[in-house]
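Encoded as structure tokens, the structure appears first; notes follow it.
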Amino acid sequence: MASNAAFYHHPEGVATDGRRLMGRHVAGAGFLAGYARHAGVDRLFAYARDAGHFADFERRVRAANPMAPPASWIRRGRLGELAGPGCLAVPSPEIGALAWLRRHGDQRGFSLSGLFHTTASDRAMDAIGDLAIAPLQAWDAVVCPSLAVRRTVEHVLERWSDYLASVAGAPIRPVVQLPVIPLGVDASAFAPSPASRAEWRARLGVADDEPVVLYVGRLSYHAKANPFAMLVALEDAAARLDRAVRLVLVGWFASPTIEAHVRRAIAALCRRVRVDIVDGRDEDARVGPWHAADVFVSLVDNVQETFGLSPLEAMASGLPIVASDWDGYRETVRHGIDGFLVPTLAPPAGAGAEIAFRHVAGIDGYDRAIGGAAQSVAVDIGATRDAFVALLGDADLRRRMSEAGRARALAEYDWRVVVARTQGLWTELAERRGRDLERAARGAGAPAHPLRDDPFAAFAHYPTSALALDVMLERVPGQGLEDAGAVSPLVDFAPYLLPSRARLERALDTLDDGPRSVGDLVTGLAAGECRRLLRGLAWLAKIGAIRWREGGPR
């Protein structure tokens, strides 16, 4: 049987119908659907906050595969149940907090498997830092969708570890795995369709002999891909070829201001090139425009990008690609085979110190910080123009690249392949759980998380005395649980932390026979039951049903 995992499921992480559609939403929804179709397991698991979130998980699984195996709900905090699937798959790199949570139990009980979508945000950087200081193990992993991502993570970890060594006096190196597994695509959904091509070209008013260049992605010049090089190069290519060219932008604008700026640039730069803008959040625009196009372009120039799903979708659609030689794009697009990679240029290390300072100081938010960096990243306009000229002027070249890209999508990036590679990782992590040394083993009496200690330990010096085993307790005549009920919930606003009413009544009945020590009352109880009864005895004292012998001030 193939390796399995419980999915850390939240509807927001896989929702593709929101007004702020991001690549992480598309990737999350795609992986879950691909897993439902291709995993080959006998049960699916969702680690979900509530019944509504689990119902969302089941609905999405059934929509992807009506014949998918049954699904089980593992409620938040029930860590022991994660030993069944053996791994908790988290759609983000933020697994440090979960490692601390796992330390409350058996650190070998299950693996954690996270995923980077971006490495530029504060949260992503903090998550990288956690890889060194959280109790993560060699049987945990954070998947990097590209070598570019892993290089960034390793760079940040090296700097962070050097800093920790300067404080602690010894290097601290993470043991978590950082495998490179790409994101995927449902290659069958994007397969070329002559009917869809005819429909969408008619909807766009494209003539039979008019070439269409397609861009798919957020229409954000500061946080995704600046369109300047694309517009200038395509206009120049149209002039050299002496023909009209259609550019279709499928995406969405983050604000009316950004939309106004982009439309003004189009009006100023494009004469031969006619530009159509399609709202990429509309469900019917997810696949159809791909079929209408002849060439795909994405000149990403932003550090928030890490991998890029759109080149995979282009390959699956049989479109040759013009892409910037940037981050994960250079790992998916083979220059001269699937398309062309356009050279990029950025300032040297050290030139962005002011950008980092302004962000840390709170002068610039995340958007301004990544936009400030992107402002000084150049895409070779001449090389972009030459790529457009080559592709728009040579149908045979387009066909060869189309066939190569489509074959690559099927062989390397279809969810069937990516799911299998991910399950292979989970198999390796399970093997490591059985053989590798445990890092930061929890000592007897040590808190699971030193910064989240038991409040009765961290604040043990606050009360006059503690409810030690030798403290004597006695019943207060005429006082009982009904007195608490009269003022509920004034004194029982967290009843889930107390013993049952019947258990409390038994304790009171025991004290009716005379004073007893705390030790007498908890003898023979399991650790969890003992802790619960200790809280309950203190609560009985709180409501005046019992009293304790004063130990005197400390």
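In the structure tokens, chains take letters A, B, ... by order of appearance, with residues numbered from 1 within each chain and ligands from 1 in the order shown.
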Surrounding residues of region 263-273 of chain A excluding itself and chain neighbours under 2 positions, 8 Å, only C-alpha atoms, as an MDAnalysis selection string: chainID A and resid 228 231:232 234:235 238:239 243:247 259:261 275
Saved selection, atoms kept: all heavy atoms, as a compact mmCIF listing (two decimals), in the first residue's frame:
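Resulting contents of result.txt:
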```
# COMPACT_ATOMS: atom_id res chain seq x y z
N PHE A 228 6.10 45.81 -18.59
CA PHE A 228 6.78 46.75 -19.50
C PHE A 228 7.57 46.01 -20.58
O PHE A 228 7.41 46.28 -21.78
CB PHE A 228 7.70 47.69 -18.72
CG PHE A 228 8.42 48.67 -19.58
CD1 PHE A 228 7.79 49.82 -20.04
CD2 PHE A 228 9.74 48.45 -19.96
CE1 PHE A 228 8.45 50.73 -20.85
CE2 PHE A 228 10.42 49.36 -20.77
CZ PHE A 228 9.77 50.50 -21.22
N LEU A 231 5.29 44.22 -23.12
CA LEU A 231 4.57 45.10 -24.04
C LEU A 231 5.50 45.69 -25.09
O LEU A 231 5.18 45.70 -26.28
CB LEU A 231 3.88 46.22 -23.25
CG LEU A 231 2.79 45.78 -22.26
CD1 LEU A 231 2.29 46.98 -21.46
CD2 LEU A 231 1.64 45.08 -22.97
N VAL A 232 6.67 46.17 -24.64
CA VAL A 232 7.62 46.78 -25.58
C VAL A 232 8.14 45.74 -26.56
O VAL A 232 8.19 45.98 -27.79
CB VAL A 232 8.78 47.44 -24.82
CG1 VAL A 232 9.87 47.89 -25.78
CG2 VAL A 232 8.28 48.62 -23.99
N LEU A 234 6.85 42.82 -27.47
CA LEU A 234 5.83 42.28 -28.37
C LEU A 234 5.45 43.30 -29.44
O LEU A 234 5.24 42.95 -30.61
CB LEU A 234 4.59 41.85 -27.57
CG LEU A 234 3.55 41.03 -28.34
CD1 LEU A 234 4.17 39.79 -28.97
CD2 LEU A 234 2.40 40.64 -27.43
N GLU A 235 5.38 44.56 -29.06
CA GLU A 235 5.11 45.61 -30.05
C GLU A 235 6.22 45.67 -31.08
O GLU A 235 5.97 45.79 -32.29
CB GLU A 235 4.95 46.96 -29.34
CG GLU A 235 4.66 48.13 -30.25
CD GLU A 235 3.28 48.08 -30.89
OE1 GLU A 235 2.41 47.35 -30.38
OE2 GLU A 235 3.07 48.77 -31.90
N ALA A 238 5.93 42.65 -33.40
CA ALA A 238 4.84 42.82 -34.37
C ALA A 238 5.28 43.73 -35.51
O ALA A 238 4.94 43.49 -36.68
CB ALA A 238 3.61 43.39 -33.67
N ALA A 239 6.05 44.77 -35.18
CA ALA A 239 6.53 45.68 -36.22
C ALA A 239 7.52 44.96 -37.14
O ALA A 239 7.47 45.13 -38.37
CB ALA A 239 7.20 46.89 -35.57
N ARG A 243 2.86 42.53 -38.79
CA ARG A 243 1.54 41.92 -38.67
C ARG A 243 0.92 42.28 -37.32
O ARG A 243 1.62 42.62 -36.37
CB ARG A 243 1.63 40.40 -38.81
CG ARG A 243 2.39 39.72 -37.69
CD ARG A 243 2.53 38.22 -37.92
NE ARG A 243 1.23 37.59 -38.10
CZ ARG A 243 1.07 36.28 -38.33
NH1 ARG A 243 2.16 35.50 -38.44
NH2 ARG A 243 -0.12 35.76 -38.48
N ALA A 244 -0.39 42.21 -37.27
CA ALA A 244 -1.10 42.46 -36.02
C ALA A 244 -0.95 41.24 -35.11
O ALA A 244 -0.89 40.10 -35.57
CB ALA A 244 -2.57 42.75 -36.28
N VAL A 245 -0.86 41.51 -33.81
CA VAL A 245 -0.73 40.45 -32.81
C VAL A 245 -1.71 40.74 -31.69
O VAL A 245 -1.90 41.90 -31.30
CB VAL A 245 0.72 40.37 -32.26
CG1 VAL A 245 0.80 39.34 -31.13
CG2 VAL A 245 1.71 40.04 -33.36
N ARG A 246 -2.32 39.70 -31.19
CA ARG A 246 -3.24 39.85 -30.06
C ARG A 246 -2.54 39.39 -28.78
O ARG A 246 -1.93 38.31 -28.75
CB ARG A 246 -4.50 39.01 -30.28
CG ARG A 246 -5.58 39.20 -29.21
CD ARG A 246 -6.26 40.55 -29.35
NE ARG A 246 -6.99 40.64 -30.60
CZ ARG A 246 -8.28 40.33 -30.73
NH1 ARG A 246 -8.97 39.93 -29.68
NH2 ARG A 246 -8.86 40.45 -31.89
N LEU A 247 -2.63 40.19 -27.73
CA LEU A 247 -2.12 39.83 -26.41
C LEU A 247 -3.32 39.68 -25.48
O LEU A 247 -4.10 40.63 -25.31
CB LEU A 247 -1.16 40.89 -25.88
CG LEU A 247 -0.68 40.72 -24.43
CD1 LEU A 247 0.13 39.43 -24.27
CD2 LEU A 247 0.14 41.94 -23.98
N GLU A 259 -4.83 48.82 -11.83
CA GLU A 259 -5.48 48.62 -13.12
C GLU A 259 -5.32 49.85 -14.01
O GLU A 259 -5.01 49.73 -15.20
CB GLU A 259 -6.96 48.31 -12.92
CG GLU A 259 -7.69 48.09 -14.24
CD GLU A 259 -9.14 47.67 -14.06
OE1 GLU A 259 -9.59 47.60 -12.89
OE2 GLU A 259 -9.82 47.40 -15.08
N ALA A 260 -5.50 51.03 -13.43
CA ALA A 260 -5.38 52.25 -14.22
C ALA A 260 -3.96 52.41 -14.77
O ALA A 260 -3.77 52.81 -15.93
CB ALA A 260 -5.75 53.46 -13.36
N HIS A 261 -2.96 52.09 -13.95
CA HIS A 261 -1.57 52.21 -14.39
C HIS A 261 -1.27 51.25 -15.53
O HIS A 261 -0.59 51.60 -16.51
CB HIS A 261 -0.63 51.93 -13.22
CG HIS A 261 -0.67 52.99 -12.15
ND1 HIS A 261 -0.07 52.82 -10.92
CD2 HIS A 261 -1.23 54.22 -12.13
CE1 HIS A 261 -0.25 53.90 -10.19
NE2 HIS A 261 -0.96 54.75 -10.90
N VAL A 275 -4.72 44.42 -27.08
CA VAL A 275 -4.68 43.76 -25.77
C VAL A 275 -6.10 43.53 -25.25
O VAL A 275 -6.91 44.46 -25.23
CB VAL A 275 -3.87 44.58 -24.76
CG1 VAL A 275 -3.82 43.84 -23.41
CG2 VAL A 275 -2.46 44.84 -25.27
```
DSSP strand (DSSP E) residues within region 384-486 of chain A, as an MDAnalysis selection string: chainID A and resid 472:475
Residues from last step as file, all heavy atoms, as a PDB file, in the first residue's frame:
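Final output, out29.pdb:
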```pdb
ATOM      1  N   MET A 472      -4.100  18.585  53.442  1.00  0.00           N
ATOM      2  CA  MET A 472      -5.316  17.963  53.941  1.00  0.00           C
ATOM      3  C   MET A 472      -6.537  18.776  53.500  1.00  0.00           C
ATOM      4  O   MET A 472      -6.540  20.002  53.565  1.00  0.00           O
ATOM      5  CB  MET A 472      -5.283  17.884  55.465  1.00  0.00           C
ATOM      6  CG  MET A 472      -4.158  17.032  56.023  1.00  0.00           C
ATOM      7  SD  MET A 472      -4.219  15.296  55.456  1.00  0.00           S
ATOM      8  CE  MET A 472      -5.753  14.761  56.248  1.00  0.00           C
ATOM      9  N   LEU A 473      -7.571  18.063  53.066  1.00  0.00           N
ATOM     10  CA  LEU A 473      -8.806  18.682  52.600  1.00  0.00           C
ATOM     11  C   LEU A 473      -9.963  18.208  53.467  1.00  0.00           C
ATOM     12  O   LEU A 473      -9.990  17.058  53.936  1.00  0.00           O
ATOM     13  CB  LEU A 473      -9.081  18.310  51.149  1.00  0.00           C
ATOM     14  CG  LEU A 473      -8.002  18.656  50.123  1.00  0.00           C
ATOM     15  CD1 LEU A 473      -8.406  18.126  48.746  1.00  0.00           C
ATOM     16  CD2 LEU A 473      -7.764  20.157  50.062  1.00  0.00           C
ATOM     17  N   GLU A 474     -10.942  19.105  53.658  1.00  0.00           N
ATOM     18  CA  GLU A 474     -12.136  18.709  54.394  1.00  0.00           C
ATOM     19  C   GLU A 474     -13.363  19.367  53.785  1.00  0.00           C
ATOM     20  O   GLU A 474     -13.280  20.425  53.151  1.00  0.00           O
ATOM     21  CB  GLU A 474     -12.010  19.063  55.867  1.00  0.00           C
ATOM     22  CG  GLU A 474     -11.860  20.549  56.154  1.00  0.00           C
ATOM     23  CD  GLU A 474     -11.685  20.828  57.640  1.00  0.00           C
ATOM     24  OE1 GLU A 474     -11.609  19.853  58.425  1.00  0.00           O
ATOM     25  OE2 GLU A 474     -11.634  22.001  58.019  1.00  0.00           O
ATOM     26  N   ARG A 475     -14.496  18.715  53.980  1.00  0.00           N
ATOM     27  CA  ARG A 475     -15.758  19.201  53.431  1.00  0.00           C
ATOM     28  C   ARG A 475     -16.258  20.373  54.262  1.00  0.00           C
ATOM     29  O   ARG A 475     -16.150  20.396  55.496  1.00  0.00           O
ATOM     30  CB  ARG A 475     -16.782  18.058  53.444  1.00  0.00           C
ATOM     31  CG  ARG A 475     -18.163  18.416  52.896  1.00  0.00           C
ATOM     32  CD  ARG A 475     -18.118  18.464  51.388  1.00  0.00           C
ATOM     33  NE  ARG A 475     -19.387  18.894  50.822  1.00  0.00           N
ATOM     34  CZ  ARG A 475     -20.361  18.068  50.408  1.00  0.00           C
ATOM     35  NH1 ARG A 475     -20.197  16.758  50.533  1.00  0.00           N
ATOM     36  NH2 ARG A 475     -21.468  18.530  49.884  1.00  0.00           N
TER      37      ARG A 475
END
```
Atomic distance CA of Ala395 (chain A) - CA of Asp414 (chain A), expressed in Å with one decimal: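 Distance reported for this atom pair: 26.3 Å.
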Filtered DSSP result for region 299-546 of chain A, state helix (DSSP H, G or I), as an NGL selection string: :A and (310-316 or 329-332 or 353-360 or 366-374 or 381-392 or 395-413 or 415-435 or 455-458 or 481-486 or 495-497 or 501-512 or 518-522 or 527-542)
Proximity to Arg20 (chain A) - best of A:Ser317, A:Ser121, A:Ser220, A:Thr257, only C-alpha atoms: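 The shortest atom-to-atom distance to Arg20 (chain A) comes from A:Ser220.
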Please provide the set of residues having any atom within 12 Å of Leu79 (chain A), restricted to only C-alpha atoms, with same-chain residues fewer than 5 positions apart removed, written as a short mmCIF file (atom, residue, chain, number, x, y, z; two decimals) with C-alpha atoms, in the first residue's frame.
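selection-v3.cif written:
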```cif
data_model
loop_
_atom_site.label_atom_id
_atom_site.label_comp_id
_atom_site.auth_asym_id
_atom_site.auth_seq_id
_atom_site.Cartn_x
_atom_site.Cartn_y
_atom_site.Cartn_z
CA ALA A 6 -3.48 13.37 6.91
CA TYR A 47 -6.83 17.08 10.19
CA ILE A 74 -8.90 13.73 12.85
CA GLY A 84 -2.50 5.97 11.66
CA PRO A 85 -1.64 7.82 8.45
CA GLY A 86 1.87 8.40 9.82
CA CYS A 87 2.32 11.91 8.45
CA LEU A 88 0.62 15.30 8.65
CA LEU A 98 3.19 21.72 15.08
CA ALA A 99 6.52 20.22 16.10
CA TRP A 100 6.17 21.87 19.51
CA LEU A 101 2.63 20.53 19.73
CA ARG A 102 3.83 17.03 18.83
CA ARG A 103 6.37 17.22 21.67
CA HIS A 104 3.50 16.95 24.13
CA GLY A 105 3.38 13.29 23.08
CA ASP A 106 5.61 10.94 21.12
CA GLN A 107 7.94 12.76 18.73
CA ARG A 108 8.25 9.55 16.72
CA GLY A 109 4.48 9.23 16.45
CA PHE A 110 4.21 10.85 13.04
CA SER A 111 6.10 12.97 10.53
CA LEU A 112 5.44 16.55 9.48
#
```
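Proximity to Ser376 (chain A) at 8 Å, evaluated using only C-alpha atoms and with sequence-adjacent residues fewer than 3 positions away removed, yields Ala346, Pro347, Gly372 and Ala373 of chain A.
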Shell around Val185 (chain A) at 10 Å using only C-alpha atoms, local window under 3 positions removed, as an MDAnalysis selection string: chainID A and resid 26:27 30:31 34 182 188:190 309:316 409:410 412:418
Pairwise distance for CA of Ala404 (chain A) and CA of Leu319 (chain A), rounded to one decimal in Å: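 According to the coordinates, CA of Ala404 (chain A) and CA of Leu319 (chain A) are separated by 9.6 Å.
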Selection near Val389 (chain A), 12 Å with only C-alpha atoms, sequence-local residues under 2 positions removed, as a ChimeraX atom specification: /A:211,213,233-243,245,295,322,340,382-387,391-395,397-398
Restricting the output to N, CA and C atoms, write the selected residues as a compact mmCIF listing (two decimals), in the first residue's frame.
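Listing of result_22.txt after writing:
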```txt
# COMPACT_ATOMS: atom_id res chain seq x y z
N PRO A 211 -2.15 35.75 -34.63
CA PRO A 211 -1.51 35.03 -33.52
C PRO A 211 -1.92 35.62 -32.17
N VAL A 213 -0.86 35.80 -28.15
CA VAL A 213 0.11 35.60 -27.08
C VAL A 213 -0.64 35.71 -25.76
N ALA A 233 8.53 44.57 -26.05
CA ALA A 233 9.11 43.54 -26.91
C ALA A 233 8.08 43.00 -27.90
N LEU A 234 6.85 42.82 -27.47
CA LEU A 234 5.83 42.28 -28.37
C LEU A 234 5.45 43.30 -29.44
N GLU A 235 5.38 44.56 -29.06
CA GLU A 235 5.11 45.61 -30.05
C GLU A 235 6.22 45.67 -31.08
N ASP A 236 7.46 45.57 -30.64
CA ASP A 236 8.60 45.59 -31.56
C ASP A 236 8.59 44.37 -32.47
N ALA A 237 8.23 43.19 -31.90
CA ALA A 237 8.17 41.98 -32.71
C ALA A 237 7.08 42.09 -33.77
N ALA A 238 5.93 42.65 -33.40
CA ALA A 238 4.84 42.82 -34.37
C ALA A 238 5.28 43.73 -35.51
N ALA A 239 6.05 44.77 -35.18
CA ALA A 239 6.53 45.68 -36.22
C ALA A 239 7.52 44.96 -37.14
N ARG A 240 8.41 44.17 -36.58
CA ARG A 240 9.39 43.46 -37.41
C ARG A 240 8.71 42.42 -38.31
N LEU A 241 7.67 41.80 -37.78
CA LEU A 241 6.95 40.80 -38.58
C LEU A 241 5.91 41.43 -39.49
N ASP A 242 5.66 42.72 -39.25
CA ASP A 242 4.68 43.50 -40.02
C ASP A 242 3.31 42.80 -40.01
N ARG A 243 2.86 42.53 -38.79
CA ARG A 243 1.54 41.92 -38.67
C ARG A 243 0.92 42.28 -37.32
N VAL A 245 -0.86 41.51 -33.81
CA VAL A 245 -0.73 40.45 -32.81
C VAL A 245 -1.71 40.74 -31.69
N VAL A 295 1.16 31.25 -28.21
CA VAL A 295 2.40 31.39 -27.46
C VAL A 295 2.04 31.84 -26.04
N VAL A 322 7.65 31.80 -23.65
CA VAL A 322 8.68 32.84 -23.49
C VAL A 322 8.65 33.22 -22.02
N PHE A 340 11.68 29.65 -24.77
CA PHE A 340 12.89 30.46 -24.61
C PHE A 340 12.93 31.08 -23.23
N GLY A 382 15.45 43.01 -25.60
CA GLY A 382 15.86 42.56 -26.92
C GLY A 382 15.72 41.05 -27.08
N ALA A 383 16.12 40.30 -26.07
CA ALA A 383 16.01 38.84 -26.14
C ALA A 383 14.54 38.42 -26.14
N THR A 384 13.71 39.16 -25.42
CA THR A 384 12.28 38.86 -25.42
C THR A 384 11.69 39.08 -26.81
N ARG A 385 12.06 40.20 -27.43
CA ARG A 385 11.60 40.49 -28.79
C ARG A 385 12.03 39.40 -29.76
N ASP A 386 13.28 38.97 -29.66
CA ASP A 386 13.78 37.95 -30.57
C ASP A 386 13.03 36.63 -30.39
N ALA A 387 12.69 36.30 -29.15
CA ALA A 387 11.94 35.07 -28.89
C ALA A 387 10.55 35.16 -29.52
N LEU A 391 9.11 32.71 -32.59
CA LEU A 391 7.94 31.86 -32.42
C LEU A 391 6.77 32.30 -33.30
N LEU A 392 6.52 33.60 -33.36
CA LEU A 392 5.38 34.06 -34.15
C LEU A 392 5.63 33.94 -35.65
N GLY A 393 6.91 33.85 -36.01
CA GLY A 393 7.23 33.76 -37.43
C GLY A 393 7.49 32.35 -37.92
N ASP A 394 7.39 31.36 -37.09
CA ASP A 394 7.77 30.01 -37.50
C ASP A 394 6.79 29.00 -36.89
N ALA A 395 5.81 28.58 -37.65
CA ALA A 395 4.80 27.63 -37.17
C ALA A 395 5.42 26.28 -36.82
N LEU A 397 8.43 25.72 -35.65
CA LEU A 397 9.10 25.84 -34.35
C LEU A 397 8.07 25.78 -33.22
N ARG A 398 6.96 26.47 -33.40
CA ARG A 398 5.90 26.43 -32.39
C ARG A 398 5.42 24.99 -32.19
```
Near-Ala356 (chain A) list (10 Å; only C-alpha atoms; drop same-chain fewer than 2 positions) as an MDAnalysis selection string: chainID A and resid 352:354 358:361 364 369:370 372:373
I'd like a table as a tab-separated table: residues in region 210-256 of chain A with an atom no more than 9 Å from region 297-305 of chain A, each row giving the shortest atom pair and its distance in Å to one decimal, only C-alpha atoms counted, sorted by chain and rising residue number.
```
residue	atom	partner	partner_atom	distance
A:Val213	CA	A:Val297	CA	6.9
A:Leu214	CA	A:Val297	CA	6.1
A:Tyr215	CA	A:Val297	CA	5.3
A:Val216	CA	A:Ser298	CA	7.5
A:Gly217	CA	A:Ser298	CA	8.3
A:His222	CA	A:Asn302	CA	7.6
A:Ala223	CA	A:Asn302	CA	6.1
A:Lys224	CA	A:Asn302	CA	5.6
A:Ala225	CA	A:Val300	CA	4.2
A:Asn226	CA	A:Asp301	CA	6.9
A:Pro227	CA	A:Leu299	CA	7.6
A:Ala229	CA	A:Leu299	CA	7.8
A:Met230	CA	A:Leu299	CA	7.1
```
Could you write out that same residue set with all heavy atoms as a short mmCIF file (atom, residue, chain, number, x, y, z; two decimals), in the first residue's frame?
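Printed below is out-v1.cif as written:
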```cif
data_model
loop_
_atom_site.label_atom_id
_atom_site.label_comp_id
_atom_site.auth_asym_id
_atom_site.auth_seq_id
_atom_site.Cartn_x
_atom_site.Cartn_y
_atom_site.Cartn_z
N VAL A 213 -0.86 35.80 -28.15
CA VAL A 213 0.11 35.60 -27.08
C VAL A 213 -0.64 35.71 -25.76
O VAL A 213 -1.40 36.66 -25.56
CB VAL A 213 1.26 36.62 -27.16
CG1 VAL A 213 2.21 36.44 -25.98
CG2 VAL A 213 2.01 36.47 -28.47
N LEU A 214 -0.43 34.77 -24.87
CA LEU A 214 -1.21 34.68 -23.64
C LEU A 214 -0.33 34.88 -22.41
O LEU A 214 0.77 34.32 -22.32
CB LEU A 214 -1.88 33.31 -23.56
CG LEU A 214 -2.66 32.98 -22.27
CD1 LEU A 214 -3.94 33.80 -22.19
CD2 LEU A 214 -2.98 31.49 -22.21
N TYR A 215 -0.82 35.68 -21.47
CA TYR A 215 -0.23 35.77 -20.13
C TYR A 215 -1.30 35.38 -19.13
O TYR A 215 -2.45 35.84 -19.21
CB TYR A 215 0.28 37.19 -19.82
CG TYR A 215 0.59 37.38 -18.35
CD1 TYR A 215 1.83 36.99 -17.84
CD2 TYR A 215 -0.35 37.91 -17.46
CE1 TYR A 215 2.12 37.14 -16.49
CE2 TYR A 215 -0.06 38.06 -16.11
CZ TYR A 215 1.17 37.67 -15.63
OH TYR A 215 1.46 37.81 -14.30
N VAL A 216 -0.96 34.52 -18.17
CA VAL A 216 -1.88 34.12 -17.11
C VAL A 216 -1.20 34.35 -15.76
O VAL A 216 -0.09 33.84 -15.53
CB VAL A 216 -2.30 32.65 -17.24
CG1 VAL A 216 -3.19 32.24 -16.05
CG2 VAL A 216 -3.03 32.40 -18.55
N GLY A 217 -1.85 35.11 -14.90
CA GLY A 217 -1.28 35.39 -13.58
C GLY A 217 -1.84 36.69 -13.05
O GLY A 217 -2.57 37.41 -13.75
N HIS A 222 4.10 45.26 -9.46
CA HIS A 222 5.05 45.38 -8.36
C HIS A 222 5.24 44.07 -7.59
O HIS A 222 6.23 43.92 -6.87
CB HIS A 222 4.60 46.46 -7.37
CG HIS A 222 3.41 46.06 -6.55
ND1 HIS A 222 2.16 45.92 -7.09
CD2 HIS A 222 3.31 45.73 -5.23
CE1 HIS A 222 1.32 45.54 -6.14
NE2 HIS A 222 1.98 45.41 -5.01
N ALA A 223 4.28 43.12 -7.73
CA ALA A 223 4.32 41.93 -6.89
C ALA A 223 4.27 40.62 -7.67
O ALA A 223 4.19 39.56 -7.08
CB ALA A 223 3.17 41.96 -5.88
N LYS A 224 4.33 40.71 -9.01
CA LYS A 224 4.29 39.47 -9.80
C LYS A 224 5.20 39.58 -11.00
O LYS A 224 6.30 39.03 -11.01
CB LYS A 224 2.85 39.18 -10.24
CG LYS A 224 2.67 37.87 -10.98
CD LYS A 224 2.86 36.67 -10.07
CE LYS A 224 2.52 35.38 -10.78
NZ LYS A 224 2.71 34.19 -9.93
N ALA A 225 4.74 40.27 -12.04
CA ALA A 225 5.52 40.42 -13.26
C ALA A 225 5.25 41.79 -13.86
O ALA A 225 4.10 42.09 -14.20
CB ALA A 225 5.16 39.32 -14.26
N ASN A 226 6.28 42.60 -13.99
CA ASN A 226 6.10 43.92 -14.60
C ASN A 226 5.87 43.73 -16.11
O ASN A 226 6.66 43.07 -16.79
CB ASN A 226 7.34 44.78 -14.37
CG ASN A 226 7.08 46.23 -14.69
OD1 ASN A 226 6.77 46.58 -15.83
ND2 ASN A 226 7.19 47.09 -13.69
N PRO A 227 4.79 44.31 -16.66
CA PRO A 227 4.46 44.05 -18.06
C PRO A 227 5.26 44.89 -19.06
O PRO A 227 5.10 44.72 -20.27
CB PRO A 227 2.98 44.41 -18.13
CG PRO A 227 2.81 45.49 -17.11
CD PRO A 227 3.75 45.12 -15.99
N ALA A 229 8.46 45.09 -20.17
CA ALA A 229 9.29 44.39 -21.15
C ALA A 229 8.42 43.59 -22.12
O ALA A 229 8.70 43.54 -23.33
CB ALA A 229 10.27 43.47 -20.43
N MET A 230 7.38 42.97 -21.63
CA MET A 230 6.49 42.19 -22.48
C MET A 230 5.81 43.08 -23.53
O MET A 230 5.78 42.74 -24.72
CB MET A 230 5.42 41.51 -21.61
CG MET A 230 4.34 40.77 -22.37
SD MET A 230 3.13 39.99 -21.27
CE MET A 230 2.36 41.45 -20.51
#
```
Nearest candidate to His291 (chain A) (options A:Gly350, A:Gly339, A:Pro192, A:Pro256; using only C-alpha atoms): A:Pro192
Which residue of A:Gln479, A:Ala138, A:Asp276, A:Ile363 approaches Leu204 (chain A) most closely, using only C-alpha atoms: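 Using only C-alpha atoms, Leu204 (chain A) sits closest to A:Asp276.
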